[in-house]
Amino acid sequence: MPNIVDLLRRLRQNAGIEIEREHTMKKRLFTLVAVASLAFLALVGCSNPNVDTARVRASLQSIGADQKVQLEQALSAIDAGKYKEALLPLRKVAYTARLDKKQTKILQETIEKVRAKIAKGQ
């Protein structure tokens, strides 16, 4: 039968292990959050804030006639620097046109860039 001194020693050892594990988990979590934050900032900071309307026009040639009208209206507004006027037609195209993955990505990037320009007051 173990005595009280042995039980106390085991308890201290186990407590030390638990504290060490908790400390290690906190370090890992902090490292994960730091790396994820840096990756996000690198992606956002390195992205081109300018809207390439020629690229958008070229990639969305296969959309329907109604959507082409909306797209041209939006891209003309972007070319003129009227980003607020461009947002609604871009959204309409995004919701009504049948797009493949590449086209969807390009259109979403364009919408995000327009939103960023609006947020900056441009």
# chains A, B, ... in the order shown; residues from 1 in each chain; ligands from 1
>>> residues_around(residues="A:Ile63", least_positions_apart="4", cutoff="12 Å", atoms="only C-alpha atoms", output="MDAnalysis selection string")
chainID A and resid 56:59 67:72 93:94 96:100 103:104
>>> residues_around(residues="A:Glu109", least_positions_apart="2", cutoff="12 Å", atoms="only C-alpha atoms", output="list in words")
Val44, Ser47, Asn48, Pro49, Asn50, Val51, Asp52, Thr53, Arg55, Val56, Leu90, Arg91, Ala94, Lys102, Gln103, Thr104, Lys105, Ile106, Leu107, Ile111, Glu112, Lys113, Val114, Arg115 and Ala116 of chain A
>>> atom_distance(atom1="atom CA of A:Asp66", atom2="atom CA of A:Ala80")
21.5 Å
>>> atom_distance(atom1="atom CA of A:Ser62", atom2="atom CA of A:Tyr95")
15.3 Å
>>> atom_distance(atom1="atom CA of A:Lys82", atom2="atom CA of A:Leu60")
20.8 Å
>>> closest_residue(among="A:Ala34, A:Gly64, A:Pro89, A:Thr24", to="A:Ser76", atoms="only C-alpha atoms")
A:Pro89
